[in-house]
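Reproduced below: query30.txt, with compact mmCIF, C-alpha atoms.
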# COMPACT_ATOMS: atom_id res chain seq x y z
CA MET A 1445 -9.26 42.47 -5.35
CA LYS A 1446 -8.58 41.90 -9.06
CA MET A 1447 -12.22 42.70 -9.76
CA MET A 1448 -11.46 46.28 -8.70
CA TYR A 1449 -8.91 46.62 -11.50
CA PRO A 1450 -9.66 46.94 -15.25
CA LYS A 1451 -8.85 43.96 -17.46
CA ASN A 1452 -7.32 46.03 -20.23
CA GLY A 1453 -6.81 49.48 -18.73
CA LYS A 1454 -4.57 51.17 -16.21
CA VAL A 1455 -4.94 52.43 -12.66
CA ILE A 1456 -2.84 55.52 -12.09
CA LEU A 1457 -2.43 57.50 -8.89
CA HIS A 1458 -1.31 61.11 -8.81
CA ILE A 1459 0.11 61.92 -5.39
CA ASP A 1460 0.38 65.64 -4.65
CA ALA A 1461 1.81 66.93 -1.37
CA ASN A 1462 -0.32 69.74 0.06
CA ALA A 1463 1.45 73.09 0.63
CA PHE A 1464 4.66 71.05 0.61
CA TYR A 1465 7.24 73.58 1.82
CA ALA A 1466 4.96 74.81 4.60
CA SER A 1467 4.06 71.22 5.56
CA VAL A 1468 7.74 70.27 5.81
CA GLU A 1469 8.47 73.29 8.00
CA THR A 1470 5.55 72.45 10.30
CA ALA A 1471 6.64 68.81 10.52
CA HIS A 1472 10.08 69.95 11.72
CA ASP A 1473 8.82 72.66 14.05
CA HIS A 1474 5.61 71.72 15.83
CA THR A 1475 5.22 75.21 17.26
CA LEU A 1476 4.12 76.26 13.76
CA LYS A 1477 1.06 74.01 13.89
CA ASP A 1478 -2.24 75.89 13.72
CA LYS A 1479 -0.45 79.13 12.81
CA PRO A 1480 -0.70 80.94 9.47
CA LEU A 1481 2.65 80.26 7.79
CA ALA A 1482 4.29 81.63 4.66
CA ILE A 1483 7.59 80.74 3.02
CA ALA A 1484 9.16 83.87 1.55
CA GLY A 1485 12.35 84.54 -0.39
CA ASN A 1486 13.47 87.31 1.94
CA PRO A 1487 11.35 87.63 5.11
CA LYS A 1488 13.35 90.64 6.34
CA GLU A 1489 12.50 92.77 3.32
CA ARG A 1490 9.15 94.32 2.48
CA ARG A 1491 9.89 93.49 -1.14
CA GLY A 1492 9.89 89.78 -0.37
CA ILE A 1493 7.42 87.55 -2.18
CA VAL A 1494 5.39 84.68 -0.76
CA VAL A 1495 6.72 81.45 -2.30
CA THR A 1496 3.97 79.33 -0.76
CA CYS A 1497 1.84 79.28 2.38
CA ASN A 1498 -0.20 76.84 4.41
CA TYR A 1499 -3.96 76.50 4.20
CA ILE A 1500 -4.53 78.53 7.35
CA ALA A 1501 -2.82 81.50 5.70
CA ARG A 1502 -4.74 80.91 2.48
CA LYS A 1503 -8.02 81.21 4.37
CA ARG A 1504 -6.83 84.65 5.53
CA GLY A 1505 -6.35 85.76 1.93
CA VAL A 1506 -2.64 85.02 1.55
CA TYR A 1507 -1.42 83.36 -1.65
CA ALA A 1508 1.68 83.05 -3.84
CA PRO A 1509 3.23 85.15 -5.33
CA MET A 1510 1.74 87.89 -3.15
CA PRO A 1511 4.11 90.66 -1.98
CA LEU A 1512 5.08 90.07 1.61
CA TRP A 1513 3.90 93.49 2.77
CA GLU A 1514 0.42 92.74 1.43
CA ALA A 1515 0.39 89.30 3.04
CA LYS A 1516 1.27 90.84 6.42
CA ARG A 1517 -1.46 93.43 5.96
CA LYS A 1518 -4.06 90.73 5.27
CA CYS A 1519 -2.76 88.50 8.07
CA PRO A 1520 -0.78 90.46 10.72
CA GLU A 1521 -0.07 87.29 12.72
CA LEU A 1522 1.49 85.57 9.68
CA VAL A 1523 4.67 83.64 10.49
CA VAL A 1524 7.22 84.12 7.72
CA ILE A 1525 10.31 81.98 7.26
CA LYS A 1526 12.98 81.66 4.59
CA PRO A 1527 12.99 78.56 2.34
CA ASN A 1528 15.13 75.61 3.38
CA PHE A 1529 15.58 73.81 0.07
CA PRO A 1530 18.02 71.12 1.28
CA LEU A 1531 15.41 70.07 3.84
CA TYR A 1532 12.63 70.04 1.22
CA ARG A 1533 14.73 67.90 -1.12
CA GLN A 1534 15.45 65.38 1.64
CA VAL A 1535 11.79 65.04 2.59
CA SER A 1536 10.89 64.72 -1.09
CA LYS A 1537 13.42 61.90 -1.44
CA ASN A 1538 11.95 60.15 1.61
CA MET A 1539 8.48 60.44 0.13
CA PHE A 1540 9.45 58.99 -3.25
CA ASP A 1541 11.60 56.28 -1.64
CA TYR A 1542 8.45 55.09 0.09
CA LEU A 1543 6.20 55.34 -2.98
CA VAL A 1544 8.51 53.17 -5.07
CA THR A 1545 7.99 50.35 -2.54
CA ILE A 1546 4.31 50.32 -3.57
CA SER A 1547 5.07 50.05 -7.27
CA PRO A 1548 8.31 50.37 -9.26
CA LEU A 1549 6.35 52.32 -11.88
CA LEU A 1550 6.90 55.70 -10.24
CA GLU A 1551 7.43 58.94 -12.14
CA PRO A 1552 8.13 62.04 -10.03
CA ALA A 1553 6.72 65.12 -11.74
CA SER A 1554 8.24 67.69 -9.38
CA ILE A 1555 9.66 67.92 -5.88
CA ASP A 1556 6.23 67.36 -4.34
CA GLU A 1557 4.16 65.31 -6.79
CA GLY A 1558 4.36 62.17 -8.87
CA TYR A 1559 2.51 59.45 -10.77
CA LEU A 1560 2.28 55.86 -9.57
CA ASP A 1561 1.02 53.02 -11.78
CA ILE A 1562 -0.66 50.47 -9.50
CA THR A 1563 -2.28 48.39 -12.24
CA SER A 1564 -0.44 45.26 -11.05
CA CYS A 1565 -0.88 45.88 -7.33
CA ALA A 1566 -4.15 44.04 -6.70
CA GLU A 1567 -2.52 41.99 -3.95
CA LEU A 1568 -2.16 45.21 -1.92
CA GLY A 1569 -5.87 45.92 -1.98
CA SER A 1570 -8.27 48.03 -4.00
CA PRO A 1571 -7.03 51.29 -5.56
CA LEU A 1572 -8.89 53.21 -2.87
CA ASP A 1573 -7.33 51.06 -0.13
CA ILE A 1574 -3.84 51.71 -1.54
CA ALA A 1575 -4.48 55.45 -1.77
CA LYS A 1576 -5.69 55.57 1.83
CA SER A 1577 -2.66 53.56 2.97
CA ILE A 1578 -0.27 55.95 1.20
CA GLN A 1579 -1.99 58.97 2.66
CA GLN A 1580 -1.92 57.58 6.19
CA HIS A 1581 1.70 56.43 5.94
CA LEU A 1582 2.99 59.82 4.77
CA ILE A 1583 1.10 61.58 7.56
CA GLN A 1584 2.35 59.18 10.23
CA THR A 1585 5.99 58.98 9.13
CA LEU A 1586 6.73 62.33 7.46
CA GLN A 1587 3.75 64.38 8.68
CA ILE A 1588 3.15 65.41 5.07
CA PRO A 1589 -0.49 65.61 3.92
CA VAL A 1590 -1.15 64.56 0.33
CA SER A 1591 -4.09 64.60 -2.03
CA ILE A 1592 -4.44 61.63 -4.36
CA GLY A 1593 -6.22 61.26 -7.67
CA ILE A 1594 -7.21 57.79 -8.92
CA ALA A 1595 -7.87 57.45 -12.65
CA PRO A 1596 -7.20 55.37 -15.77
CA ASN A 1597 -4.57 57.80 -17.08
CA LYS A 1598 -2.15 60.52 -16.01
CA PHE A 1599 -4.24 63.48 -17.09
CA LEU A 1600 -7.35 62.39 -15.21
CA ALA A 1601 -5.29 61.37 -12.17
CA LYS A 1602 -3.69 64.82 -12.01
CA THR A 1603 -7.08 66.47 -12.49
CA ALA A 1604 -8.60 64.34 -9.74
CA SER A 1605 -5.88 65.11 -7.19
CA ASP A 1606 -6.61 68.83 -7.60
CA MET A 1607 -10.28 68.39 -6.77
CA GLN A 1608 -9.98 67.87 -3.03
CA LYS A 1609 -7.26 69.66 -1.08
CA PRO A 1610 -5.93 69.13 1.45
CA LEU A 1611 -5.96 65.39 2.25
CA GLY A 1612 -8.44 64.43 -0.44
CA ILE A 1613 -8.81 61.20 -2.39
CA THR A 1614 -10.77 61.48 -5.63
CA VAL A 1615 -11.68 58.85 -8.20
CA LEU A 1616 -12.20 60.16 -11.74
CA ARG A 1617 -13.29 57.80 -14.51
CA LYS A 1618 -13.65 58.48 -18.22
CA ARG A 1619 -17.40 58.11 -17.92
CA ASP A 1620 -17.39 61.02 -15.45
CA VAL A 1621 -15.66 63.46 -17.80
CA GLN A 1622 -18.76 64.95 -19.43
CA THR A 1623 -20.58 65.58 -16.17
CA VAL A 1624 -17.63 66.53 -13.98
CA LEU A 1625 -15.16 68.30 -16.29
CA TRP A 1626 -17.12 69.70 -19.24
CA PRO A 1627 -19.03 72.36 -17.25
CA LYS A 1628 -15.76 73.83 -15.89
CA ALA A 1629 -14.09 76.89 -17.39
CA VAL A 1630 -11.38 75.96 -19.87
CA GLU A 1631 -8.70 77.74 -17.79
CA GLU A 1632 -9.36 75.26 -14.98
CA MET A 1633 -8.12 72.39 -17.14
CA HIS A 1634 -4.67 71.05 -16.33
CA GLY A 1635 -2.21 72.10 -19.03
CA ILE A 1636 -4.03 75.27 -20.06
CA GLY A 1637 -2.52 78.51 -18.85
CA LYS A 1638 -3.85 82.04 -18.90
CA LYS A 1639 -2.58 82.91 -22.39
CA THR A 1640 -3.88 79.67 -23.92
CA ALA A 1641 -7.25 80.24 -22.26
CA GLU A 1642 -7.40 83.72 -23.76
CA LYS A 1643 -6.77 82.31 -27.24
CA LEU A 1644 -9.49 79.71 -26.74
CA ASN A 1645 -11.96 82.26 -25.37
CA ALA A 1646 -11.33 84.35 -28.49
CA ILE A 1647 -12.73 81.50 -30.64
CA LYS A 1648 -15.66 81.04 -28.23
CA VAL A 1649 -14.20 78.03 -26.45
CA VAL A 1650 -15.15 78.92 -22.88
CA THR A 1651 -15.68 75.60 -21.12
CA ILE A 1652 -13.90 72.27 -21.25
CA GLY A 1653 -16.99 70.93 -23.00
CA ASP A 1654 -16.58 73.58 -25.67
CA LEU A 1655 -12.99 72.43 -26.13
CA ALA A 1656 -14.02 68.79 -26.45
CA ASN A 1657 -16.53 69.63 -29.16
CA ALA A 1658 -14.54 72.28 -31.03
CA ALA A 1659 -13.58 71.72 -34.65
CA PRO A 1660 -10.11 70.08 -34.77
CA GLY A 1661 -9.03 72.32 -37.62
CA LEU A 1662 -9.92 75.47 -35.70
CA LEU A 1663 -8.01 74.27 -32.63
CA LYS A 1664 -4.95 73.42 -34.70
CA GLN A 1665 -5.10 76.83 -36.34
CA THR A 1666 -5.32 78.49 -32.92
CA LEU A 1667 -2.93 76.36 -30.84
CA GLY A 1668 -1.00 74.28 -33.34
CA VAL A 1669 -0.36 70.63 -32.43
CA LYS A 1670 -1.22 71.41 -28.82
CA GLY A 1671 -4.82 72.01 -29.86
CA GLU A 1672 -5.34 68.38 -30.83
CA VAL A 1673 -3.72 67.18 -27.61
CA MET A 1674 -5.89 69.46 -25.48
CA ARG A 1675 -9.02 68.28 -27.28
CA ASP A 1676 -8.12 64.65 -26.52
CA ARG A 1677 -7.55 65.58 -22.88
CA ALA A 1678 -10.98 67.21 -22.75
CA TRP A 1679 -12.42 63.82 -23.73
CA GLY A 1680 -10.40 62.19 -20.94
CA GLN A 1681 -7.91 60.60 -23.33
CA ASP A 1682 -4.21 60.34 -22.46
CA ASP A 1683 -1.99 57.47 -23.60
CA ARG A 1684 1.18 58.61 -21.81
CA GLN A 1685 2.77 55.88 -19.72
CA VAL A 1686 4.14 56.27 -16.22
CA ASN A 1687 7.85 56.24 -17.03
CA PRO A 1688 10.33 55.62 -14.19
CA ASP A 1689 13.20 56.56 -16.53
CA ARG A 1690 11.91 60.11 -16.51
CA GLN A 1691 12.10 60.45 -12.74
CA SER A 1692 14.82 63.09 -12.96
CA GLN A 1693 12.68 65.37 -15.10
CA PHE A 1694 11.02 68.51 -13.83
CA LYS A 1695 12.67 68.50 -10.42
CA SER A 1696 13.13 71.99 -9.13
CA ILE A 1697 16.19 73.01 -7.17
CA GLY A 1698 15.63 76.41 -5.73
CA ASN A 1699 17.69 79.37 -4.69
CA SER A 1700 15.55 82.44 -4.30
CA THR A 1701 16.49 86.00 -3.54
CA THR A 1702 14.66 89.29 -3.60
CA LEU A 1703 16.69 92.46 -4.00
CA SER A 1704 16.25 94.99 -1.22
CA GLN A 1705 15.92 97.75 -3.77
CA ASN A 1706 15.39 98.08 -7.49
CA ALA A 1707 18.51 97.37 -9.53
CA VAL A 1708 19.08 99.28 -12.74
CA ASP A 1709 22.87 99.01 -13.03
CA GLU A 1710 24.62 95.87 -14.27
CA HIS A 1711 27.40 96.47 -11.74
CA GLU A 1712 24.81 95.90 -9.01
CA VAL A 1713 23.33 92.82 -10.64
CA LEU A 1714 26.42 90.92 -11.79
CA PRO A 1715 27.88 90.18 -8.30
CA ILE A 1716 24.55 88.67 -7.26
CA LEU A 1717 24.34 86.74 -10.49
CA ASN A 1718 27.89 85.52 -9.98
CA LYS A 1719 27.05 84.17 -6.53
CA LEU A 1720 23.92 82.44 -7.78
CA SER A 1721 25.77 80.98 -10.76
CA HIS A 1722 28.35 79.38 -8.47
CA SER A 1723 25.58 77.91 -6.35
CA VAL A 1724 23.87 76.41 -9.40
CA SER A 1725 27.17 75.13 -10.79
CA SER A 1726 27.97 73.26 -7.58
CA ARG A 1727 24.56 71.60 -7.60
CA MET A 1728 24.95 70.64 -11.23
CA LYS A 1729 28.23 68.95 -10.44
CA ALA A 1730 26.58 67.06 -7.61
CA LYS A 1731 23.79 65.95 -9.97
CA LYS A 1732 26.27 65.21 -12.79
CA VAL A 1733 24.37 67.24 -15.36
CA VAL A 1734 25.24 70.00 -17.81
CA SER A 1735 23.27 72.90 -19.21
CA LYS A 1736 22.43 73.64 -22.83
CA THR A 1737 19.78 76.33 -22.41
CA ILE A 1738 19.70 79.28 -20.05
CA GLN A 1739 16.44 81.09 -19.44
CA LEU A 1740 16.10 84.38 -17.60
CA THR A 1741 12.84 85.53 -16.14
CA ILE A 1742 12.81 89.11 -14.93
CA ARG A 1743 10.25 90.25 -12.41
CA TYR A 1744 10.05 93.97 -11.87
CA SER A 1745 8.87 95.78 -8.74
CA ASP A 1746 5.37 96.02 -10.22
CA PHE A 1747 5.48 92.20 -10.78
CA LYS A 1748 5.57 92.52 -14.54
CA THR A 1749 7.44 89.44 -15.77
CA ILE A 1750 9.55 89.04 -18.92
CA THR A 1751 11.26 85.83 -20.04
CA ARG A 1752 14.16 85.32 -22.44
CA SER A 1753 16.10 82.15 -23.23
CA GLN A 1754 19.26 81.20 -25.08
CA THR A 1755 20.33 77.76 -26.33
CA ILE A 1756 23.95 77.01 -27.16
CA LEU A 1757 25.64 74.11 -28.92
CA LYS A 1758 28.16 73.25 -26.22
CA PRO A 1759 26.73 72.32 -22.80
CA LEU A 1760 27.76 74.40 -19.79
CA LEU A 1761 28.81 73.39 -16.31
CA GLU A 1762 31.06 76.08 -14.83
CA ALA A 1763 29.70 79.18 -13.13
CA LYS A 1764 31.95 81.53 -15.08
CA LEU A 1765 30.44 80.24 -18.34
CA PHE A 1766 26.93 80.77 -16.99
CA LEU A 1767 27.85 84.30 -16.07
CA LYS A 1768 29.30 84.98 -19.50
CA GLN A 1769 26.10 83.81 -21.19
CA LEU A 1770 23.83 85.61 -18.76
CA ALA A 1771 25.81 88.84 -18.89
CA SER A 1772 25.30 88.89 -22.65
CA GLN A 1773 21.58 89.37 -22.08
CA THR A 1774 20.42 92.98 -22.06
CA ILE A 1775 17.80 92.51 -19.33
CA PHE A 1776 17.93 92.28 -15.55
CA PHE A 1777 16.74 89.31 -13.59
CA ILE A 1778 14.99 87.95 -10.57
CA THR A 1779 14.61 84.33 -11.68
CA VAL A 1780 17.06 82.18 -13.61
CA ARG A 1781 16.15 78.76 -15.01
CA TYR A 1782 18.64 76.28 -16.40
CA TYR A 1783 17.59 73.36 -18.62
CA PHE A 1784 19.91 70.38 -18.59
CA LYS A 1785 20.72 67.34 -20.64
CA SER A 1786 22.58 64.34 -19.25
CA ILE A 1787 23.74 61.21 -21.02
CA GLY A 1788 21.01 58.86 -22.16
CA THR A 1789 17.95 60.79 -21.07
CA GLU A 1790 16.50 64.25 -21.30
CA ASN A 1791 16.48 65.87 -17.88
CA ARG A 1792 15.16 69.26 -17.01
CA PHE A 1793 16.34 70.82 -13.77
CA VAL A 1794 14.91 74.19 -12.91
CA TYR A 1795 17.07 76.43 -10.76
CA TRP A 1796 15.38 79.45 -9.23
CA ALA A 1797 17.77 82.29 -8.57
Render the structure in this file as structure tokens.
Amino acid sequence: MKMMYPKNGKVILHIDANAFYASVETAHDHTLKDKPLAIAGNPKERRGIVVTCNYIARKRGVYAPMPLWEAKRKCPELVVIKPNFPLYRQVSKNMFDYLVTISPLLEPASIDEGYLDITSCAELGSPLDIAKSIQQHLIQTLQIPVSIGIAPNKFLAKTASDMQKPLGITVLRKRDVQTVLWPKAVEEMHGIGKKTAEKLNAIKVVTIGDLANAAPGLLKQTLGVKGEVMRDRAWGQDDRQVNPDRQSQFKSIGNSTTLSQNAVDEHEVLPILNKLSHSVSSRMKAKKVVSKTIQLTIRYSDFKTITRSQTILKPLLEAKLFLKQLASQTIFFITVRYYFKSIGTENRFVYWA
């Protein structure tokens, strides 16, 4: 099988669980199979927001972060349940515990996706054989469907895994970039958000091909250092290694709540914030991490979102210190994110409140 592997290059898999929360719920309650299912922060309140939904619900027009009342209007038979984050974390751990048996070069990117370097795994079969084996194993043991991208680097592997969902396996080579990626709109490229796409469109960079062939100086002027990186990506270039030491990065630990009515008084908000701060603090202690930056994202009833962050010199751990820092902000909240640093490695844990 060595002939299926490059002599000097890499073979990277990006494994992405499909509709992960909904898939976990269905795996643990078979009565949910073949039903439109949504995970919502507060199913009992009309103000609840869809966190995610299965593909059956998506075909009925439901998507995240749609207001729950609108989702129910589009799909009256929609089954709505509250998130069970401890369960999701356990299934995620089971998934990654299995993947690391394929190759020790595993880098989780979030609770439901990760990169696997299988360059030295020729004895297990071709890259396609390994991808099929992973997909079948996760379905049979955890009942979790995954899409897998196979490519020579992380960027192309991630791009490939997004091409066929659910349960897809896609091979994307550098030689395919010009024909497969360049015709796509620039906002479809992994790593480019809405605001970045707007900046690129303003300089007449509309497709990924336009980005690949744009003047480097113009991109740097528009996007800074990121412009050069994005241009390299558009050519299919990415020299980042799959780094197992970064496996604690970008994990999300979620606590979500939706207020039953609009809050405009800090005396209404602070008790809720206090409760959420204690929850986050206890999880931090369990993970043995501390916080240096606190970010608040406020989502209003009209779904307008505002984000503010604050970085301090001394790391935080206790809930009362979180509350003190958060209370000093002059804005109200729906979502709270904490960024953490632990000894020896940069770790980012995102806590949704």
Mind checking which residues fall within 12 Å of segment 1606-1614 of chain A, counting all atoms listed in the file, ignoring those fewer than 3 positions away in the same chain, and posting them as a PyMOL selection string?
chain A and resi 1456-1464+1467+1498-1500+1502+1557+1571-1580+1582-1583+1587-1595+1599-1603+1617+1620+1624-1625+1628+1632-1634
If you count only C-alpha atoms, which residues fall within 12 Å of Ile1647 of chain A, apart from same-chain ones fewer than 5 positions away, as a PyMOL selection string?
chain A and resi 1640-1642+1654-1655+1658-1659+1662-1667
For Trp1513 of chain A, which residue out of A:Glu1631, A:Lys1618, A:Val1494, A:Tyr1449 is the nearest one, using only C-alpha atoms?
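Going through A:Glu1631, A:Lys1618, A:Val1494, A:Tyr1449 one by one, the smallest distance to Trp1513 of chain A is for A:Val1494.
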Between atom CA of Arg1684 of chain A and atom CA of Asn1597 of chain A, what is the distance in Å, rounded to a tenth?
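Spanning atom CA of Arg1684 of chain A to atom CA of Asn1597 of chain A is a straight-line distance of 7.5 Å.
Atom CA of Asn1687 of chain A lies 22.6 Å from atom CA of Ile1636 of chain A.
As for atom CA of Tyr1532 of chain A and atom CA of Ala1482 of chain A, they are spaced 14.7 Å apart.
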Find the spatial neighbours of Val1544 of chain A, counting only C-alpha atoms, within a cut-off of 12 Å - ignore same-chain residues fewer than 4 positions away - and output them as an mmCIF file with C-alpha atoms, keeping the file's coordinate frame.
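Output saved as out27.cif:
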data_model
loop_
_atom_site.group_PDB
_atom_site.id
_atom_site.type_symbol
_atom_site.label_atom_id
_atom_site.label_comp_id
_atom_site.auth_asym_id
_atom_site.auth_seq_id
_atom_site.Cartn_x
_atom_site.Cartn_y
_atom_site.Cartn_z
ATOM 1 C CA LYS A 1537 13.420 61.900 -1.440
ATOM 2 C CA ASN A 1538 11.950 60.150 1.610
ATOM 3 C CA MET A 1539 8.480 60.440 0.130
ATOM 4 C CA PHE A 1540 9.450 58.990 -3.250
ATOM 5 C CA PRO A 1548 8.310 50.370 -9.260
ATOM 6 C CA LEU A 1549 6.350 52.320 -11.880
ATOM 7 C CA LEU A 1550 6.900 55.700 -10.240
ATOM 8 C CA GLU A 1551 7.430 58.940 -12.140
ATOM 9 C CA PRO A 1552 8.130 62.040 -10.030
ATOM 10 C CA GLY A 1558 4.360 62.170 -8.870
ATOM 11 C CA TYR A 1559 2.510 59.450 -10.770
ATOM 12 C CA LEU A 1560 2.280 55.860 -9.570
ATOM 13 C CA ASP A 1561 1.020 53.020 -11.780
ATOM 14 C CA ILE A 1562 -0.660 50.470 -9.500
ATOM 15 C CA ILE A 1578 -0.270 55.950 1.200
ATOM 16 C CA PRO A 1688 10.330 55.620 -14.190
ATOM 17 C CA GLN A 1691 12.100 60.450 -12.740
#
Please identify all polymer residues within 6 Å of Val1495 of chain A, counting all atoms listed in the file, omitting same-chain residues fewer than 4 positions from it, and present them as a PyMOL selection string.
chain A and resi 1483-1484+1508-1509
From the options A:Ala1466, A:Met1674, A:Val1455, A:Val1669, which residue's atoms come nearest to Leu1616 of chain A, counting only C-alpha atoms?
A:Val1455
